[in-house]
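start.txt (compact mmCIF, C-alpha atoms) appears below.
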```
# COMPACT_ATOMS: atom_id res chain seq x y z
CA MET A 1 240.24 207.75 94.06
CA LEU A 2 237.52 205.10 94.28
CA SER A 3 234.81 207.15 92.58
CA THR A 4 236.95 207.50 89.43
CA LEU A 5 236.78 203.70 89.01
CA SER A 6 233.00 203.53 89.10
CA GLN A 7 230.48 204.08 86.35
CA PRO A 8 229.92 207.83 86.81
CA SER A 9 226.13 207.67 86.48
CA ILE A 10 225.88 205.61 89.69
CA LEU A 11 226.69 208.62 91.85
CA ALA A 12 225.41 211.34 89.50
CA PRO A 13 222.19 213.26 90.24
CA ILE A 14 218.93 212.03 88.73
CA PRO A 15 218.64 213.18 85.09
CA ALA A 16 215.65 214.66 83.29
CA PHE A 17 215.04 211.51 81.22
CA GLY A 18 215.94 207.84 81.34
CA ARG A 19 215.12 204.42 79.97
CA SER A 20 215.42 201.20 81.94
CA LEU A 21 216.20 198.27 79.63
CA SER A 22 216.34 194.60 80.58
CA TYR A 23 217.67 191.93 78.23
CA ARG A 24 217.57 188.15 78.28
CA LEU A 25 220.27 186.01 76.69
CA LYS A 26 218.97 184.15 73.65
CA PRO A 27 219.01 180.33 73.87
CA GLN A 28 222.35 178.84 72.83
CA ALA A 29 223.76 182.33 72.14
CA ASP A 30 227.38 183.21 72.93
CA PRO A 31 227.28 186.62 74.62
CA ARG A 32 230.99 187.39 74.37
CA ARG A 33 231.08 189.23 71.05
CA ALA A 34 228.03 191.34 71.91
CA LEU A 35 229.53 192.28 75.27
CA ARG A 36 232.83 193.19 73.66
CA ASP A 37 231.00 195.35 71.13
CA LEU A 38 229.01 196.96 73.93
CA GLN A 39 232.21 197.64 75.84
CA GLN A 40 233.69 199.40 72.81
CA ALA A 41 230.60 201.44 71.95
CA PHE A 42 229.08 202.32 75.33
CA ASP A 43 230.12 205.67 76.78
CA PRO A 44 229.79 205.41 80.59
CA LEU A 45 228.33 208.91 80.56
CA TRP A 46 225.28 207.48 78.79
CA GLY A 47 224.13 205.60 81.88
CA VAL A 48 224.75 202.38 83.82
CA VAL A 49 225.32 198.80 82.67
CA GLY A 50 224.61 195.87 84.99
CA LEU A 51 225.19 192.14 84.49
CA GLY A 52 222.83 189.62 86.10
CA GLU A 53 223.75 186.27 87.57
CA PRO A 54 222.39 184.33 84.56
CA LEU A 55 224.82 186.14 82.27
CA VAL A 56 227.79 185.85 84.61
CA LEU A 57 227.14 182.13 85.00
CA ALA A 58 226.89 181.77 81.21
CA LEU A 59 230.38 183.25 81.08
CA GLY A 60 231.64 180.53 83.42
CA LYS A 61 232.08 182.82 86.41
CA ASN A 62 230.83 182.70 90.00
CA MET A 63 230.96 186.21 91.46
CA ASP A 64 230.95 186.73 95.21
CA GLY A 65 227.96 188.81 96.28
CA LEU A 66 226.00 188.45 93.03
CA ARG A 67 222.77 186.49 93.25
CA THR A 68 219.35 186.29 91.69
CA PHE A 69 216.60 188.54 93.02
CA PRO A 70 214.50 186.48 95.48
CA SER A 71 210.72 186.32 95.49
CA MET A 72 209.42 187.31 98.92
CA SER A 73 206.07 187.17 100.69
CA GLY A 74 204.52 188.85 103.68
CA PRO A 75 201.03 189.21 105.13
CA ALA A 76 198.77 189.68 102.08
CA HIS A 77 201.56 190.88 99.77
CA THR A 78 204.25 189.40 97.54
CA VAL A 79 207.42 190.73 95.94
CA PRO A 80 207.98 189.08 92.56
CA SER A 81 211.29 188.32 90.87
CA ALA A 82 211.95 188.99 87.19
CA GLN A 83 215.67 188.37 86.92
CA HIS A 84 217.24 189.07 83.53
CA SER A 85 220.75 188.76 82.13
CA LEU A 86 221.61 192.36 81.36
CA TRP A 87 220.29 195.73 82.53
CA ILE A 88 221.07 199.11 81.04
CA LEU A 89 219.82 202.39 82.45
CA LEU A 90 220.14 205.18 79.92
CA ARG A 91 220.04 208.74 81.20
CA ALA A 92 220.24 212.21 79.65
CA GLU A 93 218.90 215.73 79.88
CA ASP A 94 217.58 215.30 76.34
CA ARG A 95 215.03 212.59 75.50
CA SER A 96 216.34 212.41 71.93
CA ALA A 97 219.72 211.24 73.26
CA VAL A 98 218.06 208.47 75.27
CA PHE A 99 216.18 207.30 72.17
CA ASP A 100 219.26 207.33 69.94
CA HIS A 101 221.44 205.50 72.46
CA ALA A 102 218.76 202.85 73.00
CA ALA A 103 218.51 202.20 69.26
CA GLY A 104 222.28 201.84 68.98
CA ILE A 105 222.47 199.44 71.92
CA ASP A 106 219.67 197.27 70.54
CA SER A 107 221.61 196.97 67.29
CA ILE A 108 224.79 195.95 69.11
CA LEU A 109 223.10 193.33 71.28
CA GLN A 110 220.59 191.86 68.85
CA ASP A 111 222.54 188.74 67.86
CA ALA A 112 222.90 187.47 71.42
CA PHE A 113 220.26 189.25 73.49
CA GLU A 114 216.59 190.09 73.17
CA LEU A 115 214.82 192.94 74.90
CA ALA A 116 212.69 191.56 77.73
CA ASP A 117 211.44 194.78 79.29
CA ALA A 118 211.72 198.54 78.81
CA VAL A 119 210.26 201.57 80.52
CA ASP A 120 210.86 205.28 80.03
CA THR A 121 211.60 207.23 83.19
CA PHE A 122 211.79 210.90 84.04
CA ARG A 123 212.50 213.38 86.81
CA TYR A 124 209.31 214.68 88.42
CA ARG A 125 209.16 218.04 90.21
CA VAL A 126 212.78 217.98 91.42
CA ASN A 127 213.19 214.42 92.65
CA ARG A 128 209.64 213.70 93.77
CA ASP A 129 207.65 210.52 93.43
CA LEU A 130 204.43 210.76 91.41
CA SER A 131 202.57 210.73 94.73
CA GLY A 132 204.00 214.22 95.21
CA TYR A 133 206.34 213.26 98.05
CA GLU A 134 210.09 213.78 97.89
CA ASP A 135 211.99 210.61 97.09
CA GLY A 136 215.45 209.69 98.37
CA THR A 137 215.42 212.01 101.39
CA GLU A 138 217.62 209.68 103.44
CA ASN A 139 220.24 209.16 100.76
CA PRO A 140 223.80 209.31 102.11
CA SER A 141 225.82 212.47 101.54
CA PRO A 142 227.90 212.59 98.33
CA GLU A 143 230.99 211.67 100.34
CA ASP A 144 229.31 208.80 102.18
CA SER A 145 227.69 207.55 98.97
CA ILE A 146 231.08 206.44 97.71
CA GLU A 147 231.55 204.19 100.73
CA VAL A 148 227.96 202.92 100.64
CA ALA A 149 227.69 202.16 96.92
CA LEU A 150 231.14 201.07 95.74
CA LEU A 151 233.32 198.05 96.45
CA ALA A 152 236.56 199.29 97.97
CA ASP A 153 238.37 196.26 99.42
CA ALA A 154 238.33 194.27 96.21
CA PRO A 155 240.87 193.19 93.59
CA SER A 156 241.35 194.89 90.25
CA GLY A 157 238.33 194.40 88.02
CA LEU A 158 235.99 194.51 91.01
CA ARG A 159 237.20 197.58 92.90
CA GLY A 160 234.89 200.49 92.17
CA SER A 161 232.07 198.23 91.01
CA SER A 162 228.62 198.17 92.60
CA PHE A 163 225.56 196.01 93.05
CA VAL A 164 222.15 197.39 92.10
CA ALA A 165 218.61 196.38 92.98
CA VAL A 166 216.04 197.36 90.34
CA GLN A 167 212.37 197.03 91.26
CA ARG A 168 209.36 198.52 89.50
CA TRP A 169 206.45 199.73 91.60
CA SER A 170 203.01 200.40 90.13
CA HIS A 171 200.99 203.14 91.88
CA ASP A 172 197.22 203.45 92.17
CA LEU A 173 197.29 207.23 92.32
CA PRO A 174 193.51 207.81 92.09
CA PHE A 175 193.09 205.62 95.18
CA PHE A 176 195.94 207.37 96.99
CA HIS A 177 194.60 210.85 96.25
CA SER A 178 191.10 209.83 97.35
CA HIS A 179 192.44 210.09 100.91
CA SER A 180 192.74 213.29 102.90
CA ARG A 181 196.09 215.07 102.98
CA GLU A 182 196.54 213.96 106.59
CA GLU A 183 195.89 210.33 105.68
CA CYS A 184 198.36 210.54 102.79
CA ASP A 185 200.98 212.10 105.05
CA ASN A 186 200.49 209.31 107.58
CA MET A 187 200.95 206.64 104.91
CA ILE A 188 204.27 208.16 103.91
CA GLY A 189 205.32 209.48 107.32
CA ARG A 190 206.17 212.98 106.05
CA ARG A 191 204.32 216.17 105.25
CA ARG A 192 204.08 216.66 101.52
CA GLU A 193 204.50 220.44 101.68
CA ASP A 194 207.82 220.64 103.52
CA ASN A 195 209.03 217.00 103.67
CA GLU A 196 209.17 217.13 107.48
CA GLU A 197 209.03 213.75 109.15
CA LEU A 198 205.96 213.16 111.34
CA GLU A 199 207.01 212.06 114.81
CA ASP A 200 203.49 210.78 115.59
CA ALA A 201 203.06 208.89 112.30
CA PRO A 202 201.67 205.35 112.67
CA GLU A 203 204.10 202.44 112.82
CA SER A 204 202.99 201.43 109.33
CA ALA A 205 204.23 204.71 107.81
CA HIS A 206 206.72 204.11 105.01
CA VAL A 207 209.38 206.29 106.63
CA LYS A 208 209.26 204.25 109.84
CA ARG A 209 209.23 200.90 108.03
CA SER A 210 212.21 201.79 105.81
CA ALA A 211 214.40 203.98 108.04
CA GLN A 212 217.82 202.72 107.02
CA GLU A 213 219.57 203.71 110.24
CA SER A 214 217.12 201.63 112.32
CA PHE A 215 218.52 198.30 111.11
CA SER A 216 221.44 196.38 112.55
CA PRO A 217 223.68 196.62 110.67
CA GLU A 218 222.46 199.86 109.15
CA ALA A 219 220.86 199.35 105.74
CA PHE A 220 222.08 202.34 103.77
CA MET A 221 221.74 202.39 99.99
CA VAL A 222 222.31 205.03 97.32
CA ARG A 223 218.93 205.43 95.66
CA ARG A 224 218.54 206.82 92.17
CA SER A 225 214.88 205.95 91.58
CA MET A 226 212.88 207.57 88.79
CA PRO A 227 209.13 207.81 88.09
CA TRP A 228 207.62 206.14 85.04
CA THR A 229 204.29 206.29 83.25
CA CYS A 230 202.82 204.29 80.37
CA GLY A 231 199.26 204.82 79.28
CA THR A 232 197.02 204.54 82.35
CA GLN A 233 199.76 202.99 84.51
CA GLN A 234 202.44 204.78 86.46
CA GLY A 235 204.78 204.31 89.37
CA LEU A 236 208.42 204.28 90.43
CA GLU A 237 211.43 202.49 88.99
CA PHE A 238 213.24 201.86 92.28
CA ILE A 239 217.01 201.80 91.74
CA ALA A 240 219.38 201.34 94.68
CA TYR A 241 223.16 200.81 94.62
CA GLY A 242 225.21 199.23 97.36
CA ARG A 243 228.19 197.06 98.21
CA SER A 244 225.80 194.15 98.68
CA PHE A 245 222.11 193.30 98.35
CA ASP A 246 221.71 192.72 102.09
CA PRO A 247 220.50 196.26 102.92
CA PHE A 248 217.78 196.08 100.29
CA GLU A 249 216.57 192.70 101.55
CA GLN A 250 216.56 193.93 105.16
CA VAL A 251 214.36 196.88 104.26
CA MET A 252 212.08 194.89 101.95
CA SER A 253 211.53 192.22 104.59
CA ARG A 254 210.42 194.79 107.16
CA MET A 255 208.21 196.61 104.65
CA LEU A 256 206.43 193.30 103.99
CA GLY A 257 205.80 192.86 107.71
CA ARG A 258 207.90 189.72 107.99
CA GLU A 259 209.49 190.97 111.24
CA ASP A 260 206.45 192.02 113.24
CA GLY A 261 203.37 191.70 111.06
CA ILE A 262 203.17 195.46 110.41
CA VAL A 263 202.94 196.01 106.65
CA ASP A 264 204.30 199.20 105.14
CA ALA A 265 201.43 201.56 104.24
CA LEU A 266 203.05 202.00 100.84
CA PHE A 267 201.41 198.70 99.90
CA ARG A 268 198.00 200.33 100.31
CA PHE A 269 198.44 202.16 97.01
CA SER A 270 201.46 200.59 95.32
CA GLU A 271 202.71 197.11 94.47
CA PRO A 272 206.05 195.84 93.13
CA VAL A 273 205.61 194.18 89.74
CA ASN A 274 209.17 192.93 89.15
CA GLY A 275 212.64 192.90 90.64
CA ALA A 276 216.19 192.03 89.64
CA TYR A 277 219.79 192.23 90.86
CA TYR A 278 222.83 193.20 88.79
CA TRP A 279 226.56 193.74 89.12
CA CYS A 280 227.74 197.06 87.70
CA PRO A 281 231.36 196.71 86.58
CA PRO A 282 233.91 199.49 87.11
CA VAL A 283 235.42 201.57 84.33
CA ALA A 284 238.96 201.81 83.02
CA ASP A 285 240.27 204.11 80.28
CA GLY A 286 236.78 205.40 79.58
CA GLN A 287 235.26 201.94 79.02
CA LEU A 288 233.49 199.31 81.05
CA ASP A 289 236.11 197.19 82.80
CA LEU A 290 235.10 193.57 82.19
CA SER A 291 238.42 192.08 83.26
CA ALA A 292 236.73 190.27 86.16
CA LEU A 293 235.14 188.03 83.52
CA PRO A 294 238.09 186.13 82.04
CA GLN A 295 235.89 184.33 79.48
CA LEU A 296 235.61 187.62 77.59
CA SER A 297 239.31 187.54 76.79
CA ALA A 298 239.07 184.04 75.30
CA LYS A 299 238.79 183.52 71.57
CA PHE A 300 235.35 183.38 70.00
```

Would you write out, as structure tokens, the structure that this file holds?
Amino acid sequence: MLSTLSQPSILAPIPAFGRSLSYRLKPQADPRRALRDLQQAFDPLWGVVGLGEPLVLALGKNMDGLRTFPSMSGPAHTVPSAQHSLWILLRAEDRSAVFDHAAGIDSILQDAFELADAVDTFRYRVNRDLSGYEDGTENPSPEDSIEVALLADAPSGLRGSSFVAVQRWSHDLPFFHSHSREECDNMIGRRREDNEELEDAPESAHVKRSAQESFSPEAFMVRRSMPWTCGTQQGLEFIAYGRSFDPFEQVMSRMLGREDGIVDALFRFSEPVNGAYYWCPPVADGQLDLSALPQLSAKF
């Protein structure tokens, strides 16, 4: 079964706590030993591991479908890129477990990688964004998620793997909540109380801009986004898995207004501050399956 080949946390429900970690490869460092050590130590139940194009290229591999996150612009707004070599999303129902696993991973990677970015995430009010609105309403069903998120027609070492888009959004919640409930609902395109979609919402409503079934081809993704907060800043760590990055780019382009000049109302109170793409390898025998990267089997 395809789902048994994937990292289990890709399709699992959103946990109580998480930590999103991005690493850059140190100059002149050989990543092979650190990746082998990570493969041996990392329990796939701890979270998700993703490899970026810079790391795959450093290993002498070109991987079909993997690319660097593109910077994009639209009327008055930009989407920045902050592509790193390695991404690890830790997840648990206990924050202590997230902390301990992060410390262990840092120790394993320290000779070849340095931590470029980290943010703690959490589940808010049963899968709601910090704005108070339900997040991920249009996620595929559990059965369809397997088809949407995982590579099926692929050789061994790639079958069961996934691509993930990771993009941090920073919310201006005081500004958002300064609006009336009706105005907030119209920005999102749903009623906060019952999550019902508003048929008469303006064309700029986030729901209308990002409706995955309205694209051709349809732009379905499996979203596992989590809120974050740090001091006076807060927002959403957008995390979306798919068989390619095309659906994400279709949706992002429309949200920016590149199609018709209509900018998603989400940009009125939130802005993306980074973005990156990663390949999430499959698993085999309870470990990350890195056999698609032949350089890892070479001597070092």

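Atom pair atom CA of A:Arg36 / atom CA of A:Trp279 has a distance of 16.7 Å (rounded to one decimal).
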
Problem set entry | Distance in Å - atom CA of A:Leu89 versus atom CA of A:Leu256 | 26.9 Å

Exercise. Leaving out A:Pro31 and any residue of its chain fewer than 2 positions from it, which residues lie within 9 Å of it when counting all atoms listed in the file, given as a PyMOL selection string?
Worked result: chain A and resi 25-26+29+33-36+55+58-59+109+111-113+296

Kindly provide, as JSON, the centre and edge lengths (Å, one decimal) of an axis-aligned box around all atoms of stretch 190-203 of chain A given in the file, with 4 Å on each side.
```
{"center_x": 205.4, "center_y": 211.5, "center_z": 108.6, "size_x": 15.5, "size_y": 26.2, "size_z": 22.1}
```

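Interatomic distance, atom CA of A:Asn186 to atom CA of A:Pro13: 28.1 Å.
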
Which residues are near A:Leu86? Cut-off 9 Å, only C-alpha atoms, ignore same chain within fewer than 6 positions. Put them as a PDB file with C-alpha atoms, in the frame of the given file.
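So around-v3.pdb came out as:
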```pdb
ATOM      1  CA  LEU A  21     216.200 198.270  79.630  1.00  0.00           C
ATOM      2  CA  SER A  22     216.340 194.600  80.580  1.00  0.00           C
ATOM      3  CA  TYR A  23     217.670 191.930  78.230  1.00  0.00           C
ATOM      4  CA  ARG A  24     217.570 188.150  78.280  1.00  0.00           C
ATOM      5  CA  LEU A  25     220.270 186.010  76.690  1.00  0.00           C
ATOM      6  CA  VAL A  49     225.320 198.800  82.670  1.00  0.00           C
ATOM      7  CA  GLY A  50     224.610 195.870  84.990  1.00  0.00           C
ATOM      8  CA  LEU A  51     225.190 192.140  84.490  1.00  0.00           C
ATOM      9  CA  GLY A  52     222.830 189.620  86.100  1.00  0.00           C
ATOM     10  CA  GLU A  53     223.750 186.270  87.570  1.00  0.00           C
ATOM     11  CA  PRO A  54     222.390 184.330  84.560  1.00  0.00           C
ATOM     12  CA  LEU A  55     224.820 186.140  82.270  1.00  0.00           C
ATOM     13  CA  PHE A 113     220.260 189.250  73.490  1.00  0.00           C
ATOM     14  CA  TYR A 278     222.830 193.200  88.790  1.00  0.00           C
TER      15      TYR A 278
END
```
